[in-house]
file start.pdb (PDB, C-alpha atoms)
ATOM      1  CA  MET A  15    -125.464 -73.684 120.429
ATOM      2  CA  ASP A  16    -126.743 -70.859 122.619
ATOM      3  CA  ILE A  17    -124.607 -67.748 123.050
ATOM      4  CA  GLY A  18    -124.609 -65.836 126.335
ATOM      5  CA  LEU A  19    -123.087 -62.523 127.400
ATOM      6  CA  VAL A  20    -121.246 -62.073 130.721
ATOM      7  CA  LEU A  21    -120.731 -58.573 132.150
ATOM      8  CA  GLN A  22    -119.617 -57.071 135.431
ATOM      9  CA  THR A  23    -122.137 -54.937 137.298
ATOM     10  CA  ASP A  24    -120.038 -51.782 137.213
ATOM     11  CA  PRO A  25    -122.007 -48.552 137.469
ATOM     12  CA  PRO A  26    -123.878 -47.143 135.736
ATOM     13  CA  ALA A  27    -126.330 -50.047 135.776
ATOM     14  CA  ARG A  28    -128.220 -48.440 132.885
ATOM     15  CA  LEU A  29    -125.286 -49.135 130.571
ATOM     16  CA  LEU A  30    -125.305 -52.826 131.489
ATOM     17  CA  VAL A  31    -129.074 -53.050 130.883
ATOM     18  CA  ASP A  32    -128.689 -51.357 127.498
ATOM     19  CA  ARG A  33    -125.930 -53.777 126.521
ATOM     20  CA  MET A  34    -128.099 -56.750 127.460
ATOM     21  CA  ILE A  35    -130.939 -55.343 125.333
ATOM     22  CA  ARG A  36    -128.445 -54.953 122.479
ATOM     23  CA  ALA A  37    -127.285 -58.540 123.015
ATOM     24  CA  GLU A  38    -130.809 -59.962 122.902
ATOM     25  CA  ARG A  39    -131.446 -58.125 119.633
ATOM     26  CA  ALA A  40    -128.201 -59.643 118.301
ATOM     27  CA  GLY A  41    -129.426 -63.148 119.171
ATOM     28  CA  PHE A  42    -127.817 -63.792 122.557
ATOM     29  CA  SER A  43    -129.962 -66.136 124.662
ATOM     30  CA  HIS A  44    -128.514 -65.527 128.152
ATOM     31  CA  GLY A  45    -127.369 -62.510 130.131
ATOM     32  CA  TRP A  46    -124.938 -63.290 132.939
ATOM     33  CA  THR A  47    -123.094 -61.158 135.485
ATOM     34  CA  PHE A  48    -120.430 -61.625 138.111
ATOM     35  CA  ASP A  49    -121.707 -61.727 141.710
ATOM     36  CA  SER A  50    -119.305 -60.109 144.178
ATOM     37  CA  CYS A  51    -121.251 -57.478 146.047
ATOM     38  CA  VAL A  52    -118.144 -55.766 147.471
ATOM     39  CA  LEU A  53    -116.444 -55.354 144.095
ATOM     40  CA  TRP A  54    -119.522 -54.543 141.998
ATOM     41  CA  GLN A  55    -123.152 -53.482 142.296
ATOM     42  CA  GLU A  56    -125.818 -55.930 143.451
ATOM     43  CA  PRO A  57    -126.758 -58.037 140.398
ATOM     44  CA  PHE A  58    -130.229 -59.203 141.388
ATOM     45  CA  VAL A  59    -131.543 -55.647 141.428
ATOM     46  CA  ILE A  60    -130.227 -55.226 137.890
ATOM     47  CA  TYR A  61    -131.656 -58.572 136.716
ATOM     48  CA  SER A  62    -135.152 -57.277 137.377
ATOM     49  CA  ARG A  63    -134.501 -54.362 135.038
ATOM     50  CA  ILE A  64    -132.975 -56.563 132.329
ATOM     51  CA  LEU A  65    -135.948 -58.932 132.467
ATOM     52  CA  ALA A  66    -138.402 -56.042 132.288
ATOM     53  CA  GLU A  67    -136.749 -54.628 129.165
ATOM     54  CA  THR A  68    -136.101 -57.849 127.240
ATOM     55  CA  GLU A  69    -138.495 -60.483 125.941
ATOM     56  CA  ARG A  70    -136.666 -63.801 125.866
ATOM     57  CA  MET A  71    -133.310 -63.445 127.587
ATOM     58  CA  THR A  72    -132.566 -65.721 130.546
ATOM     59  CA  VAL A  73    -130.466 -64.093 133.280
ATOM     60  CA  GLY A  74    -128.359 -65.286 136.184
ATOM     61  CA  PRO A  75    -125.092 -65.011 138.095
ATOM     62  CA  MET A  76    -121.839 -66.505 136.875
ATOM     63  CA  VAL A  77    -121.532 -67.373 139.662
ATOM     64  CA  THR A  78    -123.156 -66.834 143.049
ATOM     65  CA  ASN A  79    -122.136 -68.832 146.130
ATOM     66  CA  PRO A  80    -123.645 -70.461 149.243
ATOM     67  CA  SER A  81    -122.278 -67.947 151.737
ATOM     68  CA  THR A  82    -122.921 -64.276 150.959
ATOM     69  CA  ARG A  83    -126.699 -64.750 151.110
ATOM     70  CA  THR A  84    -128.729 -67.197 153.151
ATOM     71  CA  TRP A  85    -130.152 -69.935 150.979
ATOM     72  CA  GLU A  86    -133.788 -69.006 151.494
ATOM     73  CA  VAL A  87    -133.009 -65.425 150.432
ATOM     74  CA  THR A  88    -131.307 -66.659 147.262
ATOM     75  CA  ALA A  89    -134.207 -69.002 146.499
ATOM     76  CA  SER A  90    -136.819 -66.329 147.197
ATOM     77  CA  THR A  91    -135.041 -63.824 144.976
ATOM     78  CA  PHE A  92    -134.921 -66.209 142.033
ATOM     79  CA  ALA A  93    -138.501 -67.345 142.638
ATOM     80  CA  THR A  94    -139.726 -63.749 142.724
ATOM     81  CA  LEU A  95    -138.025 -62.933 139.412
ATOM     82  CA  ASN A  96    -139.442 -66.107 137.868
ATOM     83  CA  ASP A  97    -142.940 -65.315 139.113
ATOM     84  CA  MET A  98    -142.707 -61.807 137.660
ATOM     85  CA  TYR A  99    -141.091 -62.696 134.331
ATOM     86  CA  GLY A 100    -141.878 -66.350 133.643
ATOM     87  CA  ASN A 101    -139.031 -68.712 134.573
ATOM     88  CA  ARG A 102    -136.284 -66.700 132.877
ATOM     89  CA  THR A 103    -133.514 -67.190 135.417
ATOM     90  CA  VAL A 104    -130.758 -69.733 135.979
ATOM     91  CA  CYS A 105    -128.676 -70.073 139.138
ATOM     92  CA  GLY A 106    -124.998 -70.331 138.344
ATOM     93  CA  ILE A 107    -123.224 -71.214 141.584
ATOM     94  CA  GLY A 108    -119.795 -72.185 142.883
ATOM     95  CA  ARG A 109    -117.794 -72.230 146.108
ATOM     96  CA  GLY A 110    -117.186 -68.475 146.006
ATOM     97  CA  ASP A 111    -113.845 -66.995 144.918
ATOM     98  CA  SER A 112    -113.820 -63.207 144.678
ATOM     99  CA  ALA A 113    -117.044 -62.732 146.677
ATOM    100  CA  MET A 114    -115.577 -64.510 149.679
ATOM    101  CA  ARG A 115    -111.874 -63.767 149.480
ATOM    102  CA  VAL A 116    -112.266 -60.026 148.966
ATOM    103  CA  ALA A 117    -114.184 -60.014 152.264
ATOM    104  CA  GLY A 118    -111.478 -61.989 154.064
ATOM    105  CA  ARG A 119    -113.407 -65.266 154.113
ATOM    106  CA  GLN A 120    -112.712 -68.696 152.647
ATOM    107  CA  PRO A 121    -114.802 -70.276 149.875
ATOM    108  CA  ALA A 122    -117.428 -72.800 150.935
ATOM    109  CA  THR A 123    -116.715 -76.500 151.121
ATOM    110  CA  LEU A 124    -118.163 -78.749 148.440
ATOM    111  CA  ALA A 125    -120.373 -80.382 151.065
ATOM    112  CA  ARG A 126    -121.950 -77.041 151.927
ATOM    113  CA  LEU A 127    -122.272 -76.142 148.265
ATOM    114  CA  SER A 128    -124.124 -79.401 147.643
ATOM    115  CA  GLN A 129    -126.537 -78.691 150.493
ATOM    116  CA  ALA A 130    -127.092 -75.161 149.234
ATOM    117  CA  MET A 131    -127.792 -76.247 145.661
ATOM    118  CA  HIS A 132    -130.406 -78.708 146.885
ATOM    119  CA  ALA A 133    -132.091 -76.228 149.231
ATOM    120  CA  ILE A 134    -132.134 -73.326 146.757
ATOM    121  CA  LYS A 135    -133.647 -75.444 143.986
ATOM    122  CA  GLU A 136    -136.253 -77.075 146.226
ATOM    123  CA  LEU A 137    -137.378 -73.780 147.746
ATOM    124  CA  ALA A 138    -137.400 -71.856 144.457
ATOM    125  CA  GLU A 139    -139.545 -74.552 142.850
ATOM    126  CA  GLY A 140    -142.077 -74.569 145.711
ATOM    127  CA  ARG A 141    -140.956 -77.590 147.712
ATOM    128  CA  SER A 142    -139.733 -77.758 151.281
ATOM    129  CA  ALA A 143    -136.067 -77.923 152.224
ATOM    130  CA  GLU A 144    -133.848 -77.837 155.265
ATOM    131  CA  VAL A 145    -131.741 -74.726 155.792
ATOM    132  CA  ASP A 146    -129.284 -74.833 158.697
ATOM    133  CA  GLY A 147    -131.428 -77.344 160.544
ATOM    134  CA  ALA A 148    -134.795 -75.648 159.950
ATOM    135  CA  GLU A 149    -137.370 -77.082 157.554
ATOM    136  CA  MET A 150    -139.073 -74.401 155.473
ATOM    137  CA  ARG A 151    -141.051 -73.729 152.311
ATOM    138  CA  LEU A 152    -141.953 -70.642 150.282
ATOM    139  CA  PRO A 153    -145.781 -70.937 150.324
ATOM    140  CA  TRP A 154    -146.367 -68.347 147.596
ATOM    141  CA  VAL A 155    -144.374 -70.128 144.873
ATOM    142  CA  ARG A 156    -146.838 -71.237 142.203
ATOM    143  CA  PRO A 157    -146.882 -74.625 140.412
ATOM    144  CA  GLY A 158    -144.613 -74.723 137.399
ATOM    145  CA  ALA A 159    -141.830 -72.665 138.935
ATOM    146  CA  SER A 160    -138.430 -73.810 137.656
ATOM    147  CA  LEU A 161    -134.857 -72.915 138.603
ATOM    148  CA  PRO A 162    -131.996 -74.746 136.865
ATOM    149  CA  ILE A 163    -128.835 -74.950 138.979
ATOM    150  CA  TRP A 164    -125.581 -74.795 137.002
ATOM    151  CA  MET A 165    -122.389 -75.421 138.937
ATOM    152  CA  GLY A 166    -118.960 -74.018 138.160
ATOM    153  CA  ALA A 167    -116.149 -76.547 138.616
ATOM    154  CA  TYR A 168    -112.553 -77.454 137.734
ATOM    155  CA  GLY A 169    -111.239 -80.052 140.191
ATOM    156  CA  PRO A 170    -112.131 -83.768 140.222
ATOM    157  CA  LYS A 171    -114.337 -83.636 143.322
ATOM    158  CA  ALA A 172    -116.212 -80.579 142.064
ATOM    159  CA  LEU A 173    -116.675 -82.129 138.623
ATOM    160  CA  SER A 174    -118.040 -85.259 140.275
ATOM    161  CA  LEU A 175    -120.506 -83.226 142.357
ATOM    162  CA  THR A 176    -121.628 -81.393 139.230
ATOM    163  CA  GLY A 177    -122.372 -84.661 137.462
ATOM    164  CA  ARG A 178    -124.180 -86.124 140.461
ATOM    165  CA  GLN A 179    -126.380 -83.151 141.277
ATOM    166  CA  ALA A 180    -126.362 -80.051 139.065
ATOM    167  CA  ASP A 181    -128.606 -79.293 136.111
ATOM    168  CA  GLY A 182    -125.730 -77.682 134.246
ATOM    169  CA  PHE A 183    -121.945 -77.385 134.221
ATOM    170  CA  ILE A 184    -120.124 -74.051 133.869
ATOM    171  CA  LEU A 185    -116.520 -74.345 132.687
ATOM    172  CA  GLN A 186    -114.632 -71.072 132.684
ATOM    173  CA  LEU A 187    -112.160 -71.687 129.852
ATOM    174  CA  ALA A 188    -112.490 -72.545 126.155
ATOM    175  CA  ASP A 189    -109.562 -74.889 125.647
ATOM    176  CA  PRO A 190    -110.874 -77.874 123.633
ATOM    177  CA  TYR A 191    -108.581 -80.441 125.268
ATOM    178  CA  LEU A 192    -109.545 -79.397 128.798
ATOM    179  CA  THR A 193    -113.192 -79.030 127.811
ATOM    180  CA  GLU A 194    -113.273 -82.617 126.553
ATOM    181  CA  PHE A 195    -111.512 -83.847 129.702
ATOM    182  CA  MET A 196    -113.859 -82.066 132.104
ATOM    183  CA  VAL A 197    -117.101 -82.696 130.241
ATOM    184  CA  LYS A 198    -116.230 -86.393 130.220
ATOM    185  CA  ALA A 199    -115.628 -86.307 133.989
ATOM    186  CA  VAL A 200    -119.004 -84.655 134.598
ATOM    187  CA  ARG A 201    -120.848 -87.087 132.372
ATOM    188  CA  ASN A 202    -119.130 -90.122 133.882
ATOM    189  CA  ALA A 203    -120.177 -88.934 137.346
ATOM    190  CA  ALA A 204    -123.741 -88.515 136.128
ATOM    191  CA  VAL A 205    -123.812 -92.062 134.781
ATOM    192  CA  GLU A 206    -122.419 -93.440 138.048
ATOM    193  CA  ALA A 207    -125.184 -91.583 139.908
ATOM    194  CA  GLY A 208    -127.860 -93.084 137.669
ATOM    195  CA  ARG A 209    -128.550 -89.824 135.850
ATOM    196  CA  ASP A 210    -128.868 -89.166 132.128
ATOM    197  CA  PRO A 211    -125.569 -87.449 131.248
ATOM    198  CA  ASP A 212    -127.175 -85.666 128.305
ATOM    199  CA  SER A 213    -129.602 -83.949 130.681
ATOM    200  CA  ILE A 214    -126.760 -81.763 132.040
ATOM    201  CA  THR A 215    -126.386 -78.499 130.128
ATOM    202  CA  ILE A 216    -122.754 -77.728 129.296
ATOM    203  CA  CYS A 217    -121.773 -74.058 129.318
ATOM    204  CA  VAL A 218    -118.273 -72.890 128.417
ATOM    205  CA  ALA A 219    -117.517 -69.291 129.445
ATOM    206  CA  ALA A 220    -114.473 -67.323 128.303
ATOM    207  CA  PRO A 221    -113.474 -63.965 126.829
ATOM    208  CA  ALA A 222    -114.095 -63.469 123.128
ATOM    209  CA  TYR A 223    -112.421 -60.618 121.282
ATOM    210  CA  VAL A 224    -113.346 -60.282 117.611
ATOM    211  CA  THR A 225    -110.552 -58.711 115.586
ATOM    212  CA  ALA A 226    -110.801 -57.232 112.093
ATOM    213  CA  ASP A 227    -108.052 -59.521 110.833
ATOM    214  CA  GLU A 228    -105.252 -61.827 111.962
ATOM    215  CA  SER A 229    -102.487 -59.255 111.831
ATOM    216  CA  PRO A 230     -99.901 -59.531 114.632
ATOM    217  CA  GLU A 231    -100.911 -56.090 115.896
ATOM    218  CA  ALA A 232    -104.608 -56.938 116.130
ATOM    219  CA  LEU A 233    -103.989 -60.274 117.845
ATOM    220  CA  ALA A 234    -101.473 -58.766 120.284
ATOM    221  CA  HIS A 235    -103.952 -56.092 121.346
ATOM    222  CA  ALA A 236    -106.737 -58.651 121.787
ATOM    223  CA  ARG A 237    -104.471 -60.864 123.902
ATOM    224  CA  GLU A 238    -103.602 -57.984 126.212
ATOM    225  CA  GLN A 239    -107.288 -57.200 126.643
ATOM    226  CA  CYS A 240    -108.026 -60.819 127.636
ATOM    227  CA  ARG A 241    -104.899 -61.790 129.588
ATOM    228  CA  TRP A 242    -106.724 -61.075 132.853
ATOM    229  CA  PHE A 243    -108.754 -64.253 132.306
ATOM    230  CA  GLY A 244    -105.730 -66.499 132.697
ATOM    231  CA  GLY A 245    -105.092 -64.860 136.051
ATOM    232  CA  MET A 246    -108.691 -65.359 137.181
ATOM    233  CA  VAL A 247    -108.631 -69.032 136.211
ATOM    234  CA  GLY A 248    -105.216 -69.238 137.884
ATOM    235  CA  ASN A 249    -106.842 -68.566 141.267
ATOM    236  CA  HIS A 250    -108.851 -71.763 140.945
ATOM    237  CA  VAL A 251    -105.891 -73.675 139.536
ATOM    238  CA  ALA A 252    -103.717 -72.582 142.465
ATOM    239  CA  ASP A 253    -106.343 -74.034 144.818
ATOM    240  CA  LEU A 254    -106.198 -77.325 142.923
ATOM    241  CA  VAL A 255    -102.398 -77.453 143.100
ATOM    242  CA  ARG A 256    -102.493 -76.782 146.858
ATOM    243  CA  HIS A 257    -105.046 -79.536 147.329
ATOM    244  CA  TYR A 258    -103.845 -82.221 144.917
ATOM    245  CA  GLY A 259    -100.167 -81.364 144.423
ATOM    246  CA  GLU A 260     -98.261 -79.957 141.472
ATOM    247  CA  HIS A 261     -98.106 -83.238 139.528
ATOM    248  CA  SER A 262    -101.316 -85.131 140.153
ATOM    249  CA  ASP A 263    -102.987 -87.667 137.899
ATOM    250  CA  LEU A 264    -106.300 -86.172 139.051
ATOM    251  CA  VAL A 265    -105.694 -82.738 137.497
ATOM    252  CA  PRO A 266    -104.280 -82.404 133.952
ATOM    253  CA  GLU A 267    -100.949 -80.610 133.711
ATOM    254  CA  ALA A 268    -102.314 -78.821 130.657
ATOM    255  CA  LEU A 269    -104.285 -76.844 133.230
ATOM    256  CA  THR A 270    -101.739 -76.442 136.014
ATOM    257  CA  ASP A 271     -98.385 -75.861 134.288
ATOM    258  CA  TYR A 272     -98.861 -72.201 133.474
ATOM    259  CA  ILE A 273     -99.275 -70.903 137.036
ATOM    260  CA  LYS A 274     -95.673 -71.611 138.066
ATOM    261  CA  GLY A 275     -94.833 -67.922 137.666
ATOM    262  CA  ARG A 276     -97.875 -66.735 139.607
ATOM    263  CA  GLN A 277     -96.868 -64.380 142.452
ATOM    264  CA  GLY A 278    -100.203 -63.505 144.069
ATOM    265  CA  TYR A 279    -103.470 -61.817 143.269
ATOM    266  CA  ASP A 280    -105.110 -58.506 144.174
ATOM    267  CA  TYR A 281    -108.891 -58.759 143.815
ATOM    268  CA  SER A 282    -109.220 -55.015 143.265
ATOM    269  CA  HIS A 283    -108.213 -55.756 139.647
ATOM    270  CA  HIS A 284    -110.336 -58.905 139.360
ATOM    271  CA  GLY A 285    -111.754 -59.556 135.917
ATOM    272  CA  ARG A 286    -110.342 -56.395 134.367
ATOM    273  CA  ALA A 287    -108.166 -55.778 131.345
ATOM    274  CA  GLY A 288    -104.718 -54.593 132.342
ATOM    275  CA  ASN A 289    -104.698 -56.543 135.620
ATOM    276  CA  PRO A 290    -101.046 -56.263 136.785
ATOM    277  CA  ASP A 291    -101.215 -59.644 138.540
ATOM    278  CA  THR A 292    -101.626 -61.542 135.277
ATOM    279  CA  ALA A 293     -98.304 -60.768 133.599
ATOM    280  CA  PHE A 294     -97.295 -64.401 134.205
ATOM    281  CA  VAL A 295     -99.989 -65.624 131.785
ATOM    282  CA  PRO A 296     -98.324 -66.512 128.443
ATOM    283  CA  ASP A 297     -99.844 -65.797 125.031
ATOM    284  CA  GLU A 298    -100.341 -69.538 124.517
ATOM    285  CA  ILE A 299    -102.740 -69.700 127.480
ATOM    286  CA  VAL A 300    -104.677 -66.657 126.286
ATOM    287  CA  ASP A 301    -105.080 -68.284 122.878
ATOM    288  CA  ARG A 302    -106.100 -71.624 124.396
ATOM    289  CA  PHE A 303    -108.462 -70.325 127.063
ATOM    290  CA  CYS A 304    -110.062 -67.477 125.068
ATOM    291  CA  LEU A 305    -111.486 -66.860 121.605
ATOM    292  CA  ILE A 306    -109.135 -64.422 119.903
ATOM    293  CA  GLY A 307    -109.313 -63.472 116.232
ATOM    294  CA  PRO A 308    -111.729 -62.655 113.412
ATOM    295  CA  ALA A 309    -115.242 -64.030 113.272
ATOM    296  CA  ARG A 310    -114.296 -67.030 111.122
ATOM    297  CA  ALA A 311    -111.745 -68.146 113.732
ATOM    298  CA  GLN A 312    -114.339 -67.742 116.475
ATOM    299  CA  ARG A 313    -116.832 -69.845 114.513
ATOM    300  CA  ALA A 314    -114.253 -72.591 114.036
ATOM    301  CA  ARG A 315    -113.513 -72.803 117.776
ATOM    302  CA  LEU A 316    -117.221 -72.743 118.614
ATOM    303  CA  ALA A 317    -117.858 -75.584 116.168
ATOM    304  CA  GLU A 318    -115.116 -77.586 117.867
ATOM    305  CA  LEU A 319    -116.598 -76.919 121.299
ATOM    306  CA  ARG A 320    -120.049 -77.847 120.070
ATOM    307  CA  SER A 321    -118.687 -81.164 118.807
ATOM    308  CA  LEU A 322    -117.505 -81.844 122.367
ATOM    309  CA  GLY A 323    -121.042 -81.421 123.701
ATOM    310  CA  VAL A 324    -121.038 -77.739 124.647
ATOM    311  CA  ASP A 325    -124.587 -76.330 124.657
ATOM    312  CA  GLN A 326    -123.754 -72.693 125.349
ATOM    313  CA  PHE A 327    -120.772 -70.418 124.924
ATOM    314  CA  ALA A 328    -120.914 -67.413 127.256
ATOM    315  CA  VAL A 329    -118.842 -64.431 126.110
ATOM    316  CA  TYR A 330    -116.895 -62.704 128.866
ATOM    317  CA  ALA A 331    -116.867 -59.103 127.645
ATOM    318  CA  MET A 332    -114.466 -57.343 129.991
ATOM    319  CA  HIS A 333    -112.372 -55.474 127.450
ATOM    320  CA  ASP A 334    -112.368 -52.359 125.282
ATOM    321  CA  ALA A 335    -114.605 -53.788 122.541
ATOM    322  CA  ILE A 336    -117.772 -54.856 124.344
ATOM    323  CA  GLU A 337    -120.343 -53.453 121.945
ATOM    324  CA  SER A 338    -118.414 -54.266 118.777
ATOM    325  CA  THR A 339    -118.054 -57.856 120.001
ATOM    326  CA  ILE A 340    -121.805 -58.072 120.665
ATOM    327  CA  ASP A 341    -122.496 -56.717 117.183
ATOM    328  CA  ALA A 342    -119.930 -58.978 115.486
ATOM    329  CA  TYR A 343    -121.456 -62.034 117.129
ATOM    330  CA  GLY A 344    -124.882 -60.840 116.074
ATOM    331  CA  THR A 345    -123.936 -60.506 112.401
ATOM    332  CA  ASP A 346    -121.084 -62.949 111.789
ATOM    333  CA  VAL A 347    -121.308 -65.697 114.428
ATOM    334  CA  ILE A 348    -124.781 -66.392 115.864
ATOM    335  CA  PRO A 349    -126.688 -66.578 112.529
ATOM    336  CA  LEU A 350    -124.141 -69.089 111.226
ATOM    337  CA  LEU A 351    -124.387 -71.350 114.271
TER
END

call {"tool": "encode", "arguments": {"input": "start.pdb", "output": "C-alpha cells"}}
result
Amino acid sequence: MDIGLVLQTDPPARLLVDRMIRAERAGFSHGWTFDSCVLWQEPFVIYSRILAETERMTVGPMVTNPSTRTWEVTASTFATLNDMYGNRTVCGIGRGDSAMRVAGRQPATLARLSQAMHAIKELAEGRSAEVDGAEMRLPWVRPGASLPIWMGAYGPKALSLTGRQADGFILQLADPYLTEFMVKAVRNAAVEAGRDPDSITICVAAPAYVTADESPEALAHAREQCRWFGGMVGNHVADLVRHYGEHSDLVPEALTDYIKGRQGYDYSHHGRAGNPDTAFVPDEIVDRFCLIGPARAQRARLAELRSLGVDQFAVYAMHDAIESTIDAYGTDVIPLL
C-alpha cells in the first residue's frame, strides 16, 4: 500500500515544500494538495518546486475540477511538469466543491466532468482532443508522456463514471463499510464497461492523527483536530441527499444519517481544525471516517482497507501535529506495510 500526504497550500509555500521533502524521506510516495485558488495559493506553481526538490514523489491535486481552468491549460500544465520531471504527476479531479462554491458558482455536471477528463488526458499524453468544439493537440508533448486521471466520487452516478472512465478512484473517507460498498460499485461499473476492474487504482484519503496512547484525553484531542473532515464530507453528502432523497436505496444510510443536524457551511473555515460549522459531526463519524489513535491502531485500519482493495491511503494533515504524524508514519507505519 502506498502512503500519500495531503496538505493545503497555505503560505508560506516553503513550509509545504519542506514538509513534502520530509514526507518523501519518511517513505511517502505521493504529495497531494487541495486546489481552490481563492482559499489557498496556486498549487501548480508549488508542485514544480516539490518535484525539483524530491526524487521519487508523485504530486497532484486532490482535487482539481473542470471549471476553474480551461482544459487545455490544465493538460499543458501537467504535461510541462511531466516533461521537466519525468511523469511524476497525477490528476485528481472532481466536480468542484470549494473551488466553485466559494466563487459563487455551481460544481460541474458529471457530463462535463467526463468530457474534461477525456480531453485533459488525451492532450497531456500528446493526442488530439476536442475542447468546447475546437479540435486541438499539444505538438510539443513527447512520446511516453503519461497522466493518470483519478476521479473523486461518492454518489452512484459518479461512482459509475469513475468505473467506466477514470484511471483511479479517490474516496475521501476511511470507513471500511463504505469503502467496500463504493469500491464494489466502481469495479462493477468497470466490468460493465468492458474494463479490467483491477486496473483502477483505489485511493482512500482521510485525516490521520497519531496519538501517543489510547487515553481518553489523547483521543478526544485528536477527534477535535479532525472533526472538520466530517463537515467537509457532509457537503458532498448533502448534495446526494438533495438529489436522491433522504432514504434512498442508491446511497447507504451509513453515509447520510449523520448530516441531519447540519445547519450550513462557511467555506472560509474549509478543511481546518476548529471549523465551527462541524459541531454536528459526532465522535462516531470522526472515528469511522478518520484514523485516530496510536500507530498500531492506524496499521490495523490500513490493513483492513488494504484487504478491501485500497492501493493508497492519503493522509489529510490539517491539524496541529503535521510533522509528528509524518514522522510517526515514517517510523511506525510505512516500514511495516

call {"tool": "closest_residue", "arguments": {"input": "start.pdb", "among": "A:Thr88, A:Leu269, A:Glu337, A:Ala331", "to": "Asp32 of chain A", "atoms": "all atoms listed in the file"}}
result
A:Glu337

call {"tool": "closest_residue", "arguments": {"input": "start.pdb", "among": "A:Met246, A:Met15, A:Leu264, A:Val329", "to": "Val295 of chain A", "atoms": "all atoms listed in the file"}}
result
A:Met246

call {"tool": "residues_around", "arguments": {"input": "start.pdb", "residues": "Ala37 of chain A", "least_positions_apart": "4", "cutoff": "10 Å", "atoms": "only C-alpha atoms", "output": "PyMOL selection string"}}
result
chain A and resi 17-19+31-33+41-45+68+71+337+339-341+343-344

call {"tool": "closest_residue", "arguments": {"input": "start.pdb", "among": "A:Asp334, A:Ile273, A:Ser81, A:Pro153", "to": "Arg126 of chain A", "atoms": "all atoms listed in the file"}}
result
A:Ser81

call {"tool": "atom_distance", "arguments": {"input": "start.pdb", "atom1": "atom CA of Thr193 of chain A", "atom2": "atom CA of Gly323 of chain A"}}
result
9.2 Å

call {"tool": "resolve_selection", "arguments": {"input": "start.pdb", "expression": "the PyMOL selection byres ((chain A and resi 214) around 6)", "output": "ChimeraX atom specification"}}
result
/A:181-182,211-213,215

call {"tool": "residues_near_point", "arguments": {"input": "start.pdb", "point": "(-134.8, -64.2, 129.5)", "cutoff": "9 Å", "atoms": "all atoms listed in the file", "output": "number ranges by chain"}}
result
A: 38, 43-45, 64-65, 68-73, 99-103

call {"tool": "closest_residue", "arguments": {"input": "start.pdb", "among": "A:Phe183, A:Trp164, A:Phe327, A:Tyr258", "to": "Cys304 of chain A", "atoms": "only C-alpha atoms"}}
result
A:Phe327

call {"tool": "atom_distance", "arguments": {"input": "start.pdb", "atom1": "atom CA of Arg36 of chain A", "atom2": "atom CA of Asp189 of chain A"}}
result
27.6 Å

call {"tool": "axis_aligned_box", "arguments": {"input": "start.pdb", "around": "segment 121-137 of chain A", "padding_each_side": "4 Å", "output": "AutoDock Vina command-line options"}}
result
--center_x -126.1 --center_y -75.3 --center_z 148.0 --size_x 30.6 --size_y 18.1 --size_z 15.9

call {"tool": "residues_around", "arguments": {"input": "start.pdb", "residues": "segment 218-220 of chain A", "least_positions_apart": "3", "cutoff": "7 Å", "atoms": "only C-alpha atoms", "output": "ChimeraX atom specification"}}
result
/A:184-188,303-304,324,326-330

call {"tool": "write_last_selection", "arguments": {"input": "start.pdb", "atoms": "C-alpha atoms", "output": "PDB file, keeping the file's coordinate frame"}}
result
ATOM      1  CA  ILE A 184    -120.124 -74.051 133.869  1.00  0.00           C
ATOM      2  CA  LEU A 185    -116.520 -74.345 132.687  1.00  0.00           C
ATOM      3  CA  GLN A 186    -114.632 -71.072 132.684  1.00  0.00           C
ATOM      4  CA  LEU A 187    -112.160 -71.687 129.852  1.00  0.00           C
ATOM      5  CA  ALA A 188    -112.490 -72.545 126.155  1.00  0.00           C
ATOM      6  CA  PHE A 303    -108.462 -70.325 127.063  1.00  0.00           C
ATOM      7  CA  CYS A 304    -110.062 -67.477 125.068  1.00  0.00           C
ATOM      8  CA  VAL A 324    -121.038 -77.739 124.647  1.00  0.00           C
ATOM      9  CA  GLN A 326    -123.754 -72.693 125.349  1.00  0.00           C
ATOM     10  CA  PHE A 327    -120.772 -70.418 124.924  1.00  0.00           C
ATOM     11  CA  ALA A 328    -120.914 -67.413 127.256  1.00  0.00           C
ATOM     12  CA  VAL A 329    -118.842 -64.431 126.110  1.00  0.00           C
ATOM     13  CA  TYR A 330    -116.895 -62.704 128.866  1.00  0.00           C
TER      14      TYR A 330
END

call {"tool": "closest_residue", "arguments": {"input": "start.pdb", "among": "A:Tyr281, A:Phe195, A:Tyr168, A:Phe48", "to": "Val247 of chain A", "atoms": "all atoms listed in the file"}}
result
A:Tyr168

call {"tool": "closest_residue", "arguments": {"input": "start.pdb", "among": "A:Ala204, A:Leu29, A:Thr23, A:Ser262", "to": "Trp46 of chain A", "atoms": "all atoms listed in the file"}}
result
A:Thr23

call {"tool": "atom_distance", "arguments": {"input": "start.pdb", "atom1": "atom CA of Leu192 of chain A", "atom2": "atom CA of Gln179 of chain A"}}
result
21.3 Å

call {"tool": "resolve_selection", "arguments": {"input": "start.pdb", "expression": "the PyMOL selection byres ((chain A and resi 300) around 12)", "output": "MDAnalysis selection string"}}
result
chainID A and resid 187:189 220:223 233:248 272 292:299 301:307

call {"tool": "residues_around", "arguments": {"input": "start.pdb", "residues": "Leu254 of chain A", "least_positions_apart": "2", "cutoff": "12 Å", "atoms": "only C-alpha atoms", "output": "compact mmCIF listing (two decimals) with C-alpha atoms, in the coordinates of the input"}}
result
# COMPACT_ATOMS: atom_id res chain seq x y z
CA ALA A 167 -116.15 -76.55 138.62
CA TYR A 168 -112.55 -77.45 137.73
CA GLY A 169 -111.24 -80.05 140.19
CA PRO A 170 -112.13 -83.77 140.22
CA LYS A 171 -114.34 -83.64 143.32
CA ALA A 172 -116.21 -80.58 142.06
CA VAL A 247 -108.63 -69.03 136.21
CA GLY A 248 -105.22 -69.24 137.88
CA ASN A 249 -106.84 -68.57 141.27
CA HIS A 250 -108.85 -71.76 140.94
CA VAL A 251 -105.89 -73.68 139.54
CA ALA A 252 -103.72 -72.58 142.46
CA ARG A 256 -102.49 -76.78 146.86
CA HIS A 257 -105.05 -79.54 147.33
CA TYR A 258 -103.84 -82.22 144.92
CA GLY A 259 -100.17 -81.36 144.42
CA GLU A 260 -98.26 -79.96 141.47
CA HIS A 261 -98.11 -83.24 139.53
CA SER A 262 -101.32 -85.13 140.15
CA ASP A 263 -102.99 -87.67 137.90
CA LEU A 264 -106.30 -86.17 139.05
CA VAL A 265 -105.69 -82.74 137.50
CA PRO A 266 -104.28 -82.40 133.95
CA GLU A 267 -100.95 -80.61 133.71
CA LEU A 269 -104.28 -76.84 133.23
CA THR A 270 -101.74 -76.44 136.01
CA ASP A 271 -98.38 -75.86 134.29
CA ILE A 273 -99.28 -70.90 137.04
